[in-house]
Amino acid sequence: MRLIRELGDWFEKRLQVAGPIRETMEHPVPRQTASWAYVFGSAALTVLGLQVVTGILLALLYVPSAGEAWSSLQIFNNEVTLGWFIRALHGWGSNFMVAIVLIHMVQVFLFGAYKFPRELTWLVGVLLLLLTLGMAFTGQVLRFDQDAYWGLGIGASIASRVPVIGPWIVNLLLGGPIIGGPTLSRFFALHVFVIPGALLAFAGLHLLLVLKLGINEWPMPGRIVRRATYMKEYHELTHKDGIPFVPGAVAKDLFFSGVILLLIAACALHFGPFGPGGQPDPSIIQTAPRPDYFFLWIYAVLSLLPPAMETPVLLIGPVIALAVLFALPFVSGEGEKSWKRRPIAVLSILLVAVALGTFTHLAGDAPWSPVMDAWSGDPIPAKYLRGRTPLERQGALVFQAKQCHNCHRLGGAGGERGPALDQVAVELTQDQLIRQVIQGGGNMPAYGNNLNPAETTALVAFLETLHAAGQAPAVDASRAGR
Amino acid sequence: MSPEKRDVSRRGILMKMGFLLNVAAGLILAVPVVGYLLSPVLRQRRAGAGSWLTLGPVAQFPEGQTRLATFRHPHANPSDGETANIPCWVRHAQAGKFQVFAINCAHLGCPVRWFPQSGLFMCPCHGGVYYSDGSRASGPPERGLFEYPYKVEQDDLTIQVGEMPTPGAPLAALINISGKTPCA
């Protein structure tokens, strides 16, 4: 014990940091901030630490070469002792980090913590969110599988739409004419050097600002932030009714960080690592690329926007979103902090959450994607074939053979790109069916060139049988009664 | 002028010179750094739209059919591995008339699949659909499939290959940069 103290003294004589450290640890914070609502920032920092450590461990074996990255991931998963667990920790750590950063941001927004004098803390926080998402995207690329390959293609296609300089941005992004070795190398450099460097620097700045300006006090309805008086009020609050950060407020932070680490470990243990999926070989085209969880909502938005809106929304949308986030502390830098008196703030959060949640949920089913193997894999239910005429059965065959099933559901199976056809005979008359099949329209291709008259007749005859037992098929009024 | 004052101003001049010297050194170093970073762009422009390569004898692509062909990209790096094996769809419409489509959907670049029974290309990502001649049928794409320029030389089907086509840089635009016509 005495040896440790002497060693400590030896270092302290040279470093002289004990004073500042103690001062920092014991700086007074408002009593009510020792709350479970204030634990997300420190948890994000803890997970960042985990990501740095597991990231370095992965770098020991990962080969950032387009020709070898995928096989090096297989070595992690199958050959190296516990390599799969380190990959799983890093992958789940990434998901937790994005989630915690988002929760932290929502909490800070609802508690009005971005208001004077913490505008810069908020701005740096927005940068940290972008960097975290940047890590998530570049990390998804380093898991160099089919999804990563085609995800890069999607990124390039989006970037190419920037007016004038779009194609150059694509070249810079890919490092060459195609997705290949230089592409993976530059994403490796971004994921391992550039973005983490910026992330650590800005996280340090963020933390420094929190220490300099103090933790945001618990918002009380009616306690108004005014630039002229706030600093004095906060000083009084912390010095009259404050507690030292250590041990007063830090206990819950510590506990929560520990819980998060254990949760990440549990997820890693139970669910294992993410992928890699199929080999990043573009000549294997039997694939349906999907982005990682936190980018699913973008996938949904890109599918649901009207085509003409897409490029403007893709290019202008992020600019507006960033402008709003950056402008927020300057537009509403004063006033009420409590969410109880900021209904628009609460509604905005709800709106964004519901929108993101809905898009993410939709992207899970991806109803806009054709089910590429429904025509060969999902049979027509037997009840739609029983007691039908040969012509109608021939039509059912046409329905399958011409891939109609890829976009149209029948008996609960098949694509959802177009409407389900279980009741189509009630909705469209014979003439309308023929017109729709031959001319297409309403987002359906025209089949006029690919169906001969006999096939069309058979297909329409089959479609006309699709109605509920007690319901009569639709009939053209001019033919009614014949 | 007193000696001290002269001393101070000499130090001041050195300070300014030192500052300017570092700015100059920074600028001189920045030029090659920027040049290096921009090399993918500069190299692209120099190399133009790329080179002609053969997809194999015409006999491999029977008339009236659309088949998948794969080529090794002419600018492939040793580190590219399988990623430089680029697929494309070859349609032999009628005697000697071909169309060679890029695999990438004109919406966001996912790989389109050909369904000969219905004569459609379908994209698994956002549901873009194209007719057999590559024109847009339905879904989010704003245009038809990208087409490689081709020519038939000594019974071999050759195509002109450059950058990966994207909505902002379709193949036709890339070819024009090189100043070559498809059937030169």
# chains A, B, ... in the order shown; residues from 1 in each chain; ligands from 1
$ residues_around --residues "range 118-131 of chain A" --least-positions-apart "5" --cutoff "10 Å" --atoms "only C-alpha atoms" --output "VMD selection string"
chain A and resid 97 to 98 101 to 102 104 to 105 108 to 109 112 to 113 136 to 137 191 194 to 196 198 to 203 205 to 210 212 to 216 322 325 to 330 332 to 333
$ residues_around --residues "Leu356 in chain A" --least-positions-apart "3" --cutoff "12 Å" --atoms "only C-alpha atoms" --output "PDB file with C-alpha atoms, in the first residue's frame"
ATOM      1  CA  TYR A 293     -31.312  -1.949 -39.639  1.00  0.00           C
ATOM      2  CA  PHE A 294     -30.635   1.749 -39.110  1.00  0.00           C
ATOM      3  CA  PHE A 295     -30.721   2.494 -42.843  1.00  0.00           C
ATOM      4  CA  LEU A 296     -33.866   0.487 -43.604  1.00  0.00           C
ATOM      5  CA  TRP A 297     -36.034   3.607 -43.434  1.00  0.00           C
ATOM      6  CA  ILE A 298     -34.026   5.186 -46.268  1.00  0.00           C
ATOM      7  CA  TYR A 299     -34.609   2.034 -48.303  1.00  0.00           C
ATOM      8  CA  ALA A 300     -38.359   2.429 -47.729  1.00  0.00           C
ATOM      9  CA  VAL A 301     -38.351   6.134 -48.583  1.00  0.00           C
ATOM     10  CA  ILE A 349     -40.314  13.916 -31.754  1.00  0.00           C
ATOM     11  CA  LEU A 350     -43.446  11.787 -32.004  1.00  0.00           C
ATOM     12  CA  LEU A 351     -43.816  12.597 -35.693  1.00  0.00           C
ATOM     13  CA  VAL A 352     -40.193  11.737 -36.483  1.00  0.00           C
ATOM     14  CA  ALA A 353     -40.353   8.578 -34.369  1.00  0.00           C
ATOM     15  CA  PHE A 359     -40.696   3.245 -42.732  1.00  0.00           C
ATOM     16  CA  THR A 360     -38.440   0.780 -40.901  1.00  0.00           C
ATOM     17  CA  HIS A 361     -41.370  -1.566 -40.319  1.00  0.00           C
ATOM     18  CA  LEU A 362     -42.415  -1.340 -43.971  1.00  0.00           C
ATOM     19  CA  ALA A 363     -38.859  -2.062 -45.088  1.00  0.00           C
TER      20      ALA A 363
END
$ closest_residue --among "A:Ala43, A:Ile438, A:Cys407, A:Ala323" --to "chain B" --atoms "only C-alpha atoms"
A:Cys407
$ interface_residues --of "chain A" --to "chain B" --cutoff "6 Å" --atoms "only C-alpha atoms" --output "ChimeraX atom specification"
/A:65-67,153-154,157,160-161,167-168,171-172,175-178,180-181,281,283,285,288,303,307,368-370,402,443-445,450
$ closest_residue --among "A:Ile158, A:Ala266, A:Ile4, A:Ile21" --to "Leu211 in chain A" --atoms "only C-alpha atoms"
A:Ile21
